file run.cif (mmCIF, C-alpha atoms and all ligand atoms)
data_input
loop_
_atom_site.group_PDB
_atom_site.id
_atom_site.type_symbol
_atom_site.label_atom_id
_atom_site.label_comp_id
_atom_site.auth_asym_id
_atom_site.auth_seq_id
_atom_site.Cartn_x
_atom_site.Cartn_y
_atom_site.Cartn_z
ATOM 1 C CA MET A 261 -28.745 8.261 17.580
ATOM 2 C CA ALA A 262 -27.831 10.873 15.004
ATOM 3 C CA LYS A 263 -29.150 10.478 11.482
ATOM 4 C CA VAL A 264 -28.701 12.108 8.076
ATOM 5 C CA VAL A 265 -32.278 13.131 7.260
ATOM 6 C CA GLY A 266 -31.461 14.643 3.887
ATOM 7 C CA ILE A 267 -28.875 15.997 1.488
ATOM 8 C CA MET A 268 -29.340 19.423 -0.087
ATOM 9 C CA THR A 269 -26.931 20.399 -2.845
ATOM 10 C CA THR A 270 -26.867 23.788 -4.504
ATOM 11 C CA SER A 271 -24.739 26.276 -6.425
ATOM 12 C CA HIS A 272 -23.324 29.143 -4.350
ATOM 13 C CA VAL A 273 -22.785 32.039 -6.817
ATOM 14 C CA PRO A 274 -22.052 35.222 -4.773
ATOM 15 C CA LEU A 275 -24.434 37.284 -6.936
ATOM 16 C CA ILE A 276 -27.313 35.297 -5.372
ATOM 17 C CA GLY A 277 -26.472 37.104 -2.123
ATOM 18 C CA LYS A 278 -26.883 40.433 -3.848
ATOM 19 C CA ALA A 279 -30.208 39.355 -5.386
ATOM 20 C CA ILE A 280 -31.431 38.362 -1.908
ATOM 21 C CA HIS A 281 -30.282 41.696 -0.501
ATOM 22 C CA LEU A 282 -32.100 43.608 -3.262
ATOM 23 C CA GLY A 283 -35.233 41.407 -3.055
ATOM 24 C CA LEU A 284 -35.025 40.288 -6.705
ATOM 25 C CA GLN A 285 -36.505 36.793 -6.179
ATOM 26 C CA GLN A 286 -39.434 37.488 -8.555
ATOM 27 C CA ASP A 287 -37.321 39.246 -11.192
ATOM 28 C CA PRO A 288 -37.433 37.272 -14.499
ATOM 29 C CA TYR A 289 -33.675 36.648 -14.420
ATOM 30 C CA TRP A 290 -33.795 35.230 -10.898
ATOM 31 C CA LYS A 291 -37.229 33.628 -10.565
ATOM 32 C CA PRO A 292 -36.364 30.259 -12.183
ATOM 33 C CA PHE A 293 -33.513 29.854 -9.691
ATOM 34 C CA PHE A 294 -35.314 31.028 -6.538
ATOM 35 C CA ASP A 295 -38.388 28.944 -7.468
ATOM 36 C CA GLY A 296 -36.258 25.900 -6.644
ATOM 37 C CA PHE A 297 -36.412 26.674 -2.927
ATOM 38 C CA PRO A 298 -40.028 26.860 -1.630
ATOM 39 C CA PRO A 299 -40.458 23.053 -1.907
ATOM 40 C CA ILE A 300 -37.229 22.632 0.052
ATOM 41 C CA ARG A 301 -38.406 25.030 2.743
ATOM 42 C CA GLU A 302 -41.676 23.080 3.027
ATOM 43 C CA TRP A 303 -39.626 19.942 3.599
ATOM 44 C CA LEU A 304 -37.542 21.767 6.241
ATOM 45 C CA GLU A 305 -40.741 22.790 8.059
ATOM 46 C CA LYS A 306 -41.792 19.155 8.165
ATOM 47 C CA VAL A 307 -38.454 17.495 8.973
ATOM 48 C CA LYS A 308 -36.912 20.215 11.176
ATOM 49 C CA PRO A 309 -33.230 19.260 11.129
ATOM 50 C CA ASP A 310 -31.169 20.135 14.227
ATOM 51 C CA VAL A 311 -27.816 20.515 12.496
ATOM 52 C CA VAL A 312 -26.465 21.426 9.046
ATOM 53 C CA LEU A 313 -23.172 19.768 8.137
ATOM 54 C CA ALA A 314 -21.940 21.829 5.184
ATOM 55 C CA CYS A 315 -19.450 20.486 2.622
ATOM 56 C CA TYR A 316 -18.046 23.364 0.588
ATOM 57 C CA ASN A 317 -14.879 25.077 -0.613
ATOM 58 C CA ASP A 318 -13.439 28.143 1.046
ATOM 59 C CA HIS A 319 -12.630 30.813 -1.591
ATOM 60 C CA GLY A 320 -9.586 32.416 0.044
ATOM 61 C CA LEU A 321 -11.072 33.526 3.356
ATOM 62 C CA ASN A 322 -9.414 30.988 5.668
ATOM 63 C CA PHE A 323 -7.314 29.126 3.106
ATOM 64 C CA PHE A 324 -5.622 30.385 -0.027
ATOM 65 C CA LEU A 325 -2.447 29.733 -2.012
ATOM 66 C CA ASP A 326 -0.311 30.241 1.105
ATOM 67 C CA LYS A 327 -2.060 27.521 3.148
ATOM 68 C CA GLN A 328 -4.498 25.080 1.632
ATOM 69 C CA PRO A 329 -5.647 21.980 3.459
ATOM 70 C CA THR A 330 -7.053 19.190 1.307
ATOM 71 C CA PHE A 331 -9.787 18.682 3.932
ATOM 72 C CA ALA A 332 -10.631 20.809 6.979
ATOM 73 C CA ILE A 333 -13.365 20.807 9.609
ATOM 74 C CA GLY A 334 -14.605 23.559 11.890
ATOM 75 C CA THR A 335 -14.958 22.865 15.620
ATOM 76 C CA ALA A 336 -15.748 26.442 16.648
ATOM 77 C CA ALA A 337 -18.545 27.674 18.909
ATOM 78 C CA THR A 338 -19.600 30.265 16.301
ATOM 79 C CA TYR A 339 -18.829 31.147 12.689
ATOM 80 C CA THR A 340 -19.077 34.652 11.244
ATOM 81 C CA SER A 341 -19.808 35.561 7.639
ATOM 82 C CA GLU A 342 -16.923 37.504 6.134
ATOM 83 C CA ASP A 343 -17.585 37.220 2.425
ATOM 84 C CA GLU A 344 -15.639 39.238 -0.031
ATOM 85 C CA GLY A 345 -17.881 41.744 -1.642
ATOM 86 C CA TRP A 346 -20.987 43.141 -3.302
ATOM 87 C CA GLY A 347 -21.466 45.443 -0.315
ATOM 88 C CA ILE A 348 -24.142 43.188 1.161
ATOM 89 C CA PRO A 349 -24.716 43.311 4.909
ATOM 90 C CA THR A 350 -23.131 40.568 6.969
ATOM 91 C CA MET A 351 -25.391 37.904 8.376
ATOM 92 C CA PRO A 352 -26.116 36.874 11.949
ATOM 93 C CA GLU A 353 -23.405 34.509 13.127
ATOM 94 C CA PHE A 354 -23.884 30.775 12.876
ATOM 95 C CA PRO A 355 -23.848 28.677 16.074
ATOM 96 C CA GLY A 356 -21.463 25.734 15.884
ATOM 97 C CA ALA A 357 -22.500 22.186 16.798
ATOM 98 C CA GLU A 358 -19.302 21.803 18.803
ATOM 99 C CA ASP A 359 -19.866 18.308 20.207
ATOM 100 C CA LEU A 360 -20.768 16.890 16.831
ATOM 101 C CA SER A 361 -17.846 18.691 15.140
ATOM 102 C CA TRP A 362 -15.360 17.167 17.554
ATOM 103 C CA HIS A 363 -16.974 13.760 17.287
ATOM 104 C CA VAL A 364 -16.868 13.817 13.458
ATOM 105 C CA ARG A 365 -13.334 15.207 13.485
ATOM 106 C CA ASP A 366 -12.060 12.500 15.874
ATOM 107 C CA SER A 367 -13.834 9.775 13.936
ATOM 108 C CA LEU A 368 -12.437 10.972 10.580
ATOM 109 C CA VAL A 369 -8.868 11.110 11.871
ATOM 110 C CA ARG A 370 -9.251 7.588 13.296
ATOM 111 C CA ASP A 371 -10.645 6.601 9.887
ATOM 112 C CA ASP A 372 -7.390 7.775 8.177
ATOM 113 C CA PHE A 373 -8.606 11.212 6.976
ATOM 114 C CA ASP A 374 -6.037 13.882 7.850
ATOM 115 C CA MET A 375 -8.425 16.704 8.701
ATOM 116 C CA VAL A 376 -7.146 20.168 9.578
ATOM 117 C CA THR A 377 -8.990 21.117 12.775
ATOM 118 C CA CYS A 378 -10.179 24.734 12.823
ATOM 119 C CA GLN A 379 -11.183 26.065 16.222
ATOM 120 C CA GLU A 380 -11.545 29.479 14.627
ATOM 121 C CA MET A 381 -13.097 29.838 11.209
ATOM 122 C CA SER A 382 -15.084 32.400 9.255
ATOM 123 C CA VAL A 383 -17.451 31.461 6.434
ATOM 124 C CA ASP A 384 -17.846 32.779 2.887
ATOM 125 C CA HIS A 385 -20.561 32.733 0.204
ATOM 126 C CA ALA A 386 -20.172 28.986 -0.326
ATOM 127 C CA PHE A 387 -21.568 28.500 3.177
ATOM 128 C CA THR A 388 -23.710 31.582 3.776
ATOM 129 C CA ILE A 389 -25.727 31.709 0.544
ATOM 130 C CA PRO A 390 -27.108 28.176 0.768
ATOM 131 C CA MET A 391 -28.038 28.884 4.409
ATOM 132 C CA ALA A 392 -29.836 32.103 3.399
ATOM 133 C CA LEU A 393 -31.681 30.201 0.654
ATOM 134 C CA LEU A 394 -32.871 27.621 3.182
ATOM 135 C CA TRP A 395 -33.803 30.139 5.908
ATOM 136 C CA PRO A 396 -34.490 33.542 4.264
ATOM 137 C CA ASP A 397 -35.264 35.197 7.631
ATOM 138 C CA GLN A 398 -31.661 34.329 8.623
ATOM 139 C CA LYS A 399 -32.813 33.257 12.094
ATOM 140 C CA TRP A 400 -30.837 30.035 11.965
ATOM 141 C CA PRO A 401 -32.815 27.238 13.638
ATOM 142 C CA VAL A 402 -29.854 24.860 13.350
ATOM 143 C CA LYS A 403 -26.306 24.512 14.577
ATOM 144 C CA VAL A 404 -23.616 23.973 11.962
ATOM 145 C CA VAL A 405 -20.525 21.907 11.172
ATOM 146 C CA PRO A 406 -18.399 23.260 8.275
ATOM 147 C CA VAL A 407 -16.288 20.829 6.229
ATOM 148 C CA CYS A 408 -13.971 22.338 3.590
ATOM 149 C CA VAL A 409 -12.561 20.648 0.498
ATOM 150 C CA ASN A 410 -9.663 22.034 -1.565
ATOM 151 C CA THR A 411 -10.927 22.885 -5.048
ATOM 152 C CA VAL A 412 -8.190 25.450 -5.701
ATOM 153 C CA ILE A 413 -4.656 24.000 -5.691
ATOM 154 C CA PHE A 414 -4.071 21.044 -8.004
ATOM 155 C CA PRO A 415 -3.990 18.150 -7.611
ATOM 156 C CA LEU A 416 -7.359 18.237 -5.895
ATOM 157 C CA PRO A 417 -8.568 15.378 -3.729
ATOM 158 C CA SER A 418 -9.904 12.826 -6.198
ATOM 159 C CA ALA A 419 -13.626 12.386 -6.681
ATOM 160 C CA ARG A 420 -13.140 8.876 -5.290
ATOM 161 C CA ARG A 421 -11.488 10.247 -2.146
ATOM 162 C CA CYS A 422 -14.238 12.854 -1.722
ATOM 163 C CA TYR A 423 -16.917 10.181 -1.914
ATOM 164 C CA LYS A 424 -15.020 8.129 0.678
ATOM 165 C CA LEU A 425 -14.785 11.183 2.940
ATOM 166 C CA GLY A 426 -18.559 11.436 2.716
ATOM 167 C CA GLU A 427 -18.913 7.762 3.617
ATOM 168 C CA ALA A 428 -16.639 8.289 6.631
ATOM 169 C CA ILE A 429 -18.679 11.334 7.730
ATOM 170 C CA GLY A 430 -21.807 9.171 7.391
ATOM 171 C CA ARG A 431 -20.254 6.515 9.672
ATOM 172 C CA ALA A 432 -19.252 9.170 12.207
ATOM 173 C CA ILE A 433 -22.791 10.570 12.260
ATOM 174 C CA ALA A 434 -24.296 7.104 12.677
ATOM 175 C CA ASN A 435 -22.097 6.640 15.783
ATOM 176 C CA PHE A 436 -22.961 9.979 17.392
ATOM 177 C CA PRO A 437 -24.945 8.980 20.489
ATOM 178 C CA GLU A 438 -27.333 11.956 20.697
ATOM 179 C CA ASP A 439 -30.663 12.055 18.867
ATOM 180 C CA THR A 440 -29.772 14.609 16.205
ATOM 181 C CA LYS A 441 -31.342 15.147 12.789
ATOM 182 C CA ILE A 442 -28.649 16.235 10.355
ATOM 183 C CA LEU A 443 -29.113 17.917 6.996
ATOM 184 C CA VAL A 444 -25.914 17.535 4.958
ATOM 185 C CA ILE A 445 -25.410 20.212 2.346
ATOM 186 C CA GLY A 446 -22.948 20.216 -0.551
ATOM 187 C CA THR A 447 -22.378 23.560 -2.291
ATOM 188 C CA GLY A 448 -20.823 24.803 -5.516
ATOM 189 C CA GLY A 449 -20.917 23.837 -9.163
ATOM 190 C CA LEU A 450 -22.325 22.829 -11.356
ATOM 191 C CA SER A 451 -20.393 23.555 -14.550
ATOM 192 C CA HIS A 452 -18.692 26.943 -14.641
ATOM 193 C CA GLN A 453 -15.371 28.541 -15.483
ATOM 194 C CA LEU A 454 -14.660 32.064 -14.320
ATOM 195 C CA GLU A 455 -11.431 32.858 -16.138
ATOM 196 C CA GLY A 456 -9.130 32.110 -19.067
ATOM 197 C CA GLU A 457 -9.962 31.153 -22.630
ATOM 198 C CA ARG A 458 -12.908 29.007 -21.585
ATOM 199 C CA ALA A 459 -14.484 31.636 -19.277
ATOM 200 C CA GLY A 460 -18.243 31.157 -19.419
ATOM 201 C CA PHE A 461 -17.920 27.435 -20.221
ATOM 202 C CA ILE A 462 -21.018 25.417 -19.295
ATOM 203 C CA ASN A 463 -21.726 21.719 -19.975
ATOM 204 C CA LYS A 464 -25.438 21.093 -19.465
ATOM 205 C CA GLU A 465 -25.257 17.506 -20.679
ATOM 206 C CA PHE A 466 -22.627 16.577 -18.112
ATOM 207 C CA ASP A 467 -24.500 18.440 -15.354
ATOM 208 C CA LEU A 468 -27.714 16.548 -16.085
ATOM 209 C CA GLN A 469 -25.851 13.244 -16.115
ATOM 210 C CA PHE A 470 -24.146 14.119 -12.833
ATOM 211 C CA MET A 471 -27.444 15.122 -11.203
ATOM 212 C CA ASP A 472 -28.997 11.861 -12.363
ATOM 213 C CA SER A 473 -26.021 9.915 -10.990
ATOM 214 C CA MET A 474 -26.521 11.432 -7.529
ATOM 215 C CA VAL A 475 -29.636 9.241 -7.377
ATOM 216 C CA THR A 476 -29.093 6.301 -9.710
ATOM 217 C CA ASP A 477 -25.326 5.683 -9.528
ATOM 218 C CA PRO A 478 -23.743 7.904 -6.850
ATOM 219 C CA GLN A 479 -20.179 6.753 -7.545
ATOM 220 C CA TRP A 480 -20.426 7.465 -11.307
ATOM 221 C CA ALA A 481 -18.349 10.657 -11.040
ATOM 222 C CA THR A 482 -15.546 8.875 -9.167
ATOM 223 C CA GLN A 483 -14.291 7.586 -12.539
ATOM 224 C CA PHE A 484 -13.042 11.117 -13.367
ATOM 225 C CA SER A 485 -9.658 12.578 -12.390
ATOM 226 C CA ASP A 486 -9.465 16.193 -11.236
ATOM 227 C CA LEU A 487 -8.262 17.262 -14.701
ATOM 228 C CA ASP A 488 -11.042 15.267 -16.391
ATOM 229 C CA LEU A 489 -13.487 17.185 -14.206
ATOM 230 C CA VAL A 490 -11.953 20.522 -15.241
ATOM 231 C CA GLU A 491 -12.362 19.502 -18.881
ATOM 232 C CA GLN A 492 -15.956 18.379 -18.403
ATOM 233 C CA THR A 493 -17.243 21.014 -15.975
ATOM 234 C CA GLY A 494 -14.853 24.000 -16.161
ATOM 235 C CA ASN A 495 -12.172 25.116 -13.744
ATOM 236 C CA GLU A 496 -14.656 26.014 -11.004
ATOM 237 C CA GLY A 497 -17.123 23.281 -11.951
ATOM 238 C CA VAL A 498 -14.861 20.992 -9.923
ATOM 239 C CA GLU A 499 -16.833 22.265 -6.933
ATOM 240 C CA LEU A 500 -19.102 19.305 -7.643
ATOM 241 C CA LEU A 501 -16.622 17.447 -5.415
ATOM 242 C CA ASN A 502 -18.543 18.973 -2.496
ATOM 243 C CA TRP A 503 -21.722 17.346 -3.800
ATOM 244 C CA LEU A 504 -19.922 14.006 -3.833
ATOM 245 C CA VAL A 505 -18.811 14.364 -0.203
ATOM 246 C CA ALA A 506 -22.402 15.141 0.727
ATOM 247 C CA ARG A 507 -23.814 12.216 -1.281
ATOM 248 C CA GLY A 508 -21.372 9.774 0.324
ATOM 249 C CA THR A 509 -22.935 10.396 3.759
ATOM 250 C CA ILE A 510 -26.028 8.322 2.875
ATOM 251 C CA PRO A 511 -24.835 4.768 2.160
ATOM 252 C CA GLY A 512 -28.055 3.454 0.625
ATOM 253 C CA PRO A 513 -30.509 4.655 -1.997
ATOM 254 C CA VAL A 514 -32.066 8.107 -1.947
ATOM 255 C CA ARG A 515 -35.196 9.596 -3.417
ATOM 256 C CA VAL A 516 -35.476 13.025 -5.014
ATOM 257 C CA VAL A 517 -37.642 15.393 -3.003
ATOM 258 C CA HIS A 518 -36.866 18.268 -5.347
ATOM 259 C CA SER A 519 -34.485 19.104 -8.181
ATOM 260 C CA ASN A 520 -33.876 22.242 -10.225
ATOM 261 C CA LEU A 521 -31.387 23.284 -12.937
ATOM 262 C CA HIS A 522 -31.318 26.794 -14.360
ATOM 263 C CA ILE A 523 -28.662 28.099 -16.763
ATOM 264 C CA PRO A 524 -27.084 30.532 -16.185
ATOM 265 C CA ILE A 525 -26.887 32.445 -12.954
ATOM 266 C CA SER A 526 -23.882 34.713 -13.426
ATOM 267 C CA ASN A 527 -21.384 32.332 -15.085
ATOM 268 C CA THR A 528 -22.767 29.173 -13.552
ATOM 269 C CA ALA A 529 -25.157 26.334 -14.320
ATOM 270 C CA ALA A 530 -27.190 26.767 -11.137
ATOM 271 C CA ALA A 531 -28.464 23.465 -9.790
ATOM 272 C CA THR A 532 -30.262 22.443 -6.633
ATOM 273 C CA MET A 533 -31.255 19.004 -5.329
ATOM 274 C CA LEU A 534 -32.875 17.748 -2.156
ATOM 275 C CA LEU A 535 -32.454 14.007 -1.543
ATOM 276 C CA GLU A 536 -33.872 11.864 1.240
ATOM 277 C CA PRO A 537 -32.747 8.404 2.365
ATOM 278 C CA VAL A 538 -35.196 5.624 1.499
HETATM 279 C C1 LIG B 601 -19.385 32.469 -9.436
HETATM 280 C C2 LIG B 601 -19.527 31.131 -9.105
HETATM 281 C C3 LIG B 601 -18.858 30.598 -7.982
HETATM 282 O O1 LIG B 601 -18.920 29.300 -7.598
HETATM 283 C C4 LIG B 601 -18.082 31.421 -7.186
HETATM 284 O O2 LIG B 601 -17.517 30.896 -6.079
HETATM 285 C C5 LIG B 601 -17.912 32.760 -7.536
HETATM 286 C C6 LIG B 601 -18.556 33.283 -8.660
HETATM 287 C C7 LIG B 601 -20.099 33.075 -10.609
HETATM 288 O O3 LIG B 601 -20.675 32.361 -11.451
HETATM 289 O O4 LIG B 601 -20.148 34.316 -10.683
HETATM 290 FE FE FE B 602 -17.475 28.870 -5.921
#

call {"tool": "encode", "arguments": {"input": "run.cif", "output": "structure tokens"}}
result
Amino acid sequence: MAKVVGIMTTSHVPLIGKAIHLGLQQDPYWKPFFDGFPPIREWLEKVKPDVVLACYNDHGLNFFLDKQPTFAIGTAATYTSEDEGWGIPTMPEFPGAEDLSWHVRDSLVRDDFDMVTCQEMSVDHAFTIPMALLWPDQKWPVKVVPVCVNTVIFPLPSARRCYKLGEAIGRAIANFPEDTKILVIGTGGLSHQLEGERAGFINKEFDLQFMDSMVTDPQWATQFSDLDLVEQTGNEGVELLNWLVARGTIPGPVRVVHSNLHIPISNTAAATMLLEPV
């Protein structure tokens, strides 16, 4: 049977990709952020997941103001990195876990989630940077399932709905008949706002409370509306919705394998957590 072996959540600031490209991991600006990852890579060596199911938001690559699904899932055989800038080289393509994608997609639709099914899909920094942080040699030892959440056009899916999507993904995984170890990742956040009068806004207190709630009270953030979340976390801080989808996939308690918060990376409170079911 398939099983969620862990949840890894992390910020996905594009500048991280440039720092990786330039080898700046030990630079004083970057070290406190990159130091969050060796313990996670040790865990990966031990647990060896077969598949990464990635919950993230597409930043205009597949979906923009013209077409914006609330929830979408990739069912492609491969995914290519086509991120938008910094002149960094593209990455090796990511092999899709096609059978699992279709299984999760079918199960979600039967569970009343109106997923947009994407048989062709490219991936941006919200997907590629977390993968490069997990496997710096970029020789992907896993197949992938991308799940996208609208964090761009308001109203957004509610935090409550995102958590429920995670629960439904968890049920789908539990019913997948093949022995498959799945690492669920949730990317984006935590607090940041990239434009407007509040550009540069960060709310460390809220971020710490949210990170704590991922362990002690995973539905805590479902009390907030999308606009409440903008107020508390900034316009782009709403990407924490992806963390909530990821957290919903483990129904019971979790333990913290590793956790890191460093402020700021670019405009963002950069946070990373690795959680394991208990
Ligand atoms: C930044 C953060 C993001 O989440 C993003 O998608 C783009 C930029 C930033 O802080 O620079
Ligand atoms: Fe983002």

call {"tool": "resolve_selection", "arguments": {"input": "run.cif", "expression": "the PyMOL selection byres (((chain A and resi 404-414) around 6) and not hetatm)", "output": "ChimeraX atom specification"}}
result
/A:311-317,330-334,356-357,361,403,415-416

call {"tool": "write_last_selection", "arguments": {"input": "run.cif", "atoms": "C-alpha atoms", "output": "short mmCIF file (atom, residue, chain, number, x, y, z; two decimals), in the frame of the given file"}}
result
data_model
loop_
_atom_site.label_atom_id
_atom_site.label_comp_id
_atom_site.auth_asym_id
_atom_site.auth_seq_id
_atom_site.Cartn_x
_atom_site.Cartn_y
_atom_site.Cartn_z
CA VAL A 311 -27.82 20.52 12.50
CA VAL A 312 -26.46 21.43 9.05
CA LEU A 313 -23.17 19.77 8.14
CA ALA A 314 -21.94 21.83 5.18
CA CYS A 315 -19.45 20.49 2.62
CA TYR A 316 -18.05 23.36 0.59
CA ASN A 317 -14.88 25.08 -0.61
CA THR A 330 -7.05 19.19 1.31
CA PHE A 331 -9.79 18.68 3.93
CA ALA A 332 -10.63 20.81 6.98
CA ILE A 333 -13.36 20.81 9.61
CA GLY A 334 -14.60 23.56 11.89
CA GLY A 356 -21.46 25.73 15.88
CA ALA A 357 -22.50 22.19 16.80
CA SER A 361 -17.85 18.69 15.14
CA LYS A 403 -26.31 24.51 14.58
CA PRO A 415 -3.99 18.15 -7.61
CA LEU A 416 -7.36 18.24 -5.90
#

call {"tool": "residues_around", "arguments": {"input": "run.cif", "residues": "Asp372 in chain A", "least_positions_apart": "4", "cutoff": "10 Å", "atoms": "all atoms listed in the file", "output": "VMD selection string"}}
result
chain A and resid 367 to 368 425 428

call {"tool": "write_last_selection", "arguments": {"input": "run.cif", "atoms": "C-alpha atoms", "output": "CSV table (one decimal), in the frame of the given file"}}
result
chain,number,residue,atom,x,y,z
A,367,SER,CA,-13.8,9.8,13.9
A,368,LEU,CA,-12.4,11.0,10.6
A,425,LEU,CA,-14.8,11.2,2.9
A,428,ALA,CA,-16.6,8.3,6.6

call {"tool": "atom_distance", "arguments": {"input": "run.cif", "atom1": "CA of Lys399 in chain A", "atom2": "atom O2 of ligand LIG 601 (chain B)"}}
result
23.9 Å

call {"tool": "residues_near_ligand", "arguments": {"input": "run.cif", "ligand": "ligand LIG 601 (chain B)", "cutoff": "6 Å", "atoms": "all atoms listed in the file", "output": "ChimeraX atom specification"}}
result
/A:272-274,448,526-528

call {"tool": "atom_distance", "arguments": {"input": "run.cif", "atom1": "CA of Val444 in chain A", "atom2": "CA of Gly497 in chain A"}}
result
19.9 Å

call {"tool": "residues_near_ligand", "arguments": {"input": "run.cif", "ligand": "ligand FE 602 (chain B)", "cutoff": "12 Å", "atoms": "only C-alpha atoms and all ligand atoms", "output": "number ranges by chain"}}
result
A: 270-276, 316-320, 343, 384-390, 409-412, 446-454, 494-502, 526-530

call {"tool": "closest_residue", "arguments": {"input": "run.cif", "among": "A:Pro349, A:Gly426, A:Pro524, A:Pro537", "to": "Trp503 in chain A", "atoms": "all atoms listed in the file"}}
result
A:Gly426

call {"tool": "build_atoms", "arguments": {"input": "run.cif", "residues": "range 491-510 of chain A", "atoms": "N, CA and C atoms", "output": "PDB file, in the frame of the given file"}}
result
ATOM      1  N   GLU A 491     -11.998  19.537 -17.467  1.00  0.00           N
ATOM      2  CA  GLU A 491     -12.362  19.502 -18.881  1.00  0.00           C
ATOM      3  C   GLU A 491     -13.881  19.436 -19.052  1.00  0.00           C
ATOM      4  N   GLN A 492     -14.519  18.608 -18.253  1.00  0.00           N
ATOM      5  CA  GLN A 492     -15.956  18.379 -18.403  1.00  0.00           C
ATOM      6  C   GLN A 492     -16.806  19.501 -17.827  1.00  0.00           C
ATOM      7  N   THR A 493     -16.343  20.112 -16.728  1.00  0.00           N
ATOM      8  CA  THR A 493     -17.243  21.014 -15.975  1.00  0.00           C
ATOM      9  C   THR A 493     -16.704  22.433 -15.846  1.00  0.00           C
ATOM     10  N   GLY A 494     -15.464  22.681 -16.333  1.00  0.00           N
ATOM     11  CA  GLY A 494     -14.853  24.000 -16.161  1.00  0.00           C
ATOM     12  C   GLY A 494     -14.009  24.048 -14.898  1.00  0.00           C
ATOM     13  N   ASN A 495     -13.141  25.045 -14.839  1.00  0.00           N
ATOM     14  CA  ASN A 495     -12.172  25.116 -13.744  1.00  0.00           C
ATOM     15  C   ASN A 495     -12.841  25.193 -12.375  1.00  0.00           C
ATOM     16  N   GLU A 496     -13.955  25.907 -12.285  1.00  0.00           N
ATOM     17  CA  GLU A 496     -14.656  26.014 -11.004  1.00  0.00           C
ATOM     18  C   GLU A 496     -15.797  24.985 -10.884  1.00  0.00           C
ATOM     19  N   GLY A 497     -16.119  24.354 -12.003  1.00  0.00           N
ATOM     20  CA  GLY A 497     -17.123  23.281 -11.951  1.00  0.00           C
ATOM     21  C   GLY A 497     -16.683  22.133 -11.061  1.00  0.00           C
ATOM     22  N   VAL A 498     -15.371  22.050 -10.807  1.00  0.00           N
ATOM     23  CA  VAL A 498     -14.861  20.992  -9.923  1.00  0.00           C
ATOM     24  C   VAL A 498     -15.460  21.075  -8.518  1.00  0.00           C
ATOM     25  N   GLU A 499     -16.148  22.170  -8.230  1.00  0.00           N
ATOM     26  CA  GLU A 499     -16.833  22.265  -6.933  1.00  0.00           C
ATOM     27  C   GLU A 499     -17.875  21.161  -6.749  1.00  0.00           C
ATOM     28  N   LEU A 500     -18.182  20.439  -7.818  1.00  0.00           N
ATOM     29  CA  LEU A 500     -19.102  19.305  -7.643  1.00  0.00           C
ATOM     30  C   LEU A 500     -18.519  18.256  -6.698  1.00  0.00           C
ATOM     31  N   LEU A 501     -17.221  18.343  -6.417  1.00  0.00           N
ATOM     32  CA  LEU A 501     -16.622  17.447  -5.415  1.00  0.00           C
ATOM     33  C   LEU A 501     -17.356  17.569  -4.073  1.00  0.00           C
ATOM     34  N   ASN A 502     -17.825  18.776  -3.766  1.00  0.00           N
ATOM     35  CA  ASN A 502     -18.543  18.973  -2.496  1.00  0.00           C
ATOM     36  C   ASN A 502     -19.868  18.213  -2.499  1.00  0.00           C
ATOM     37  N   TRP A 503     -20.476  18.122  -3.673  1.00  0.00           N
ATOM     38  CA  TRP A 503     -21.722  17.346  -3.800  1.00  0.00           C
ATOM     39  C   TRP A 503     -21.423  15.866  -3.530  1.00  0.00           C
ATOM     40  N   LEU A 504     -20.267  15.424  -4.000  1.00  0.00           N
ATOM     41  CA  LEU A 504     -19.922  14.006  -3.833  1.00  0.00           C
ATOM     42  C   LEU A 504     -19.669  13.669  -2.369  1.00  0.00           C
ATOM     43  N   VAL A 505     -19.005  14.589  -1.642  1.00  0.00           N
ATOM     44  CA  VAL A 505     -18.811  14.364  -0.203  1.00  0.00           C
ATOM     45  C   VAL A 505     -20.188  14.225   0.453  1.00  0.00           C
ATOM     46  N   ALA A 506     -21.062  15.166   0.119  1.00  0.00           N
ATOM     47  CA  ALA A 506     -22.402  15.141   0.727  1.00  0.00           C
ATOM     48  C   ALA A 506     -23.115  13.831   0.389  1.00  0.00           C
ATOM     49  N   ARG A 507     -23.068  13.420  -0.871  1.00  0.00           N
ATOM     50  CA  ARG A 507     -23.814  12.216  -1.281  1.00  0.00           C
ATOM     51  C   ARG A 507     -23.287  10.967  -0.570  1.00  0.00           C
ATOM     52  N   GLY A 508     -21.956  10.944  -0.329  1.00  0.00           N
ATOM     53  CA  GLY A 508     -21.372   9.774   0.324  1.00  0.00           C
ATOM     54  C   GLY A 508     -21.898   9.536   1.729  1.00  0.00           C
ATOM     55  N   THR A 509     -22.504  10.549   2.359  1.00  0.00           N
ATOM     56  CA  THR A 509     -22.935  10.396   3.759  1.00  0.00           C
ATOM     57  C   THR A 509     -24.159   9.498   3.906  1.00  0.00           C
ATOM     58  N   ILE A 510     -24.901   9.284   2.819  1.00  0.00           N
ATOM     59  CA  ILE A 510     -26.028   8.322   2.875  1.00  0.00           C
ATOM     60  C   ILE A 510     -25.594   7.070   2.115  1.00  0.00           C
TER      61      ILE A 510
END
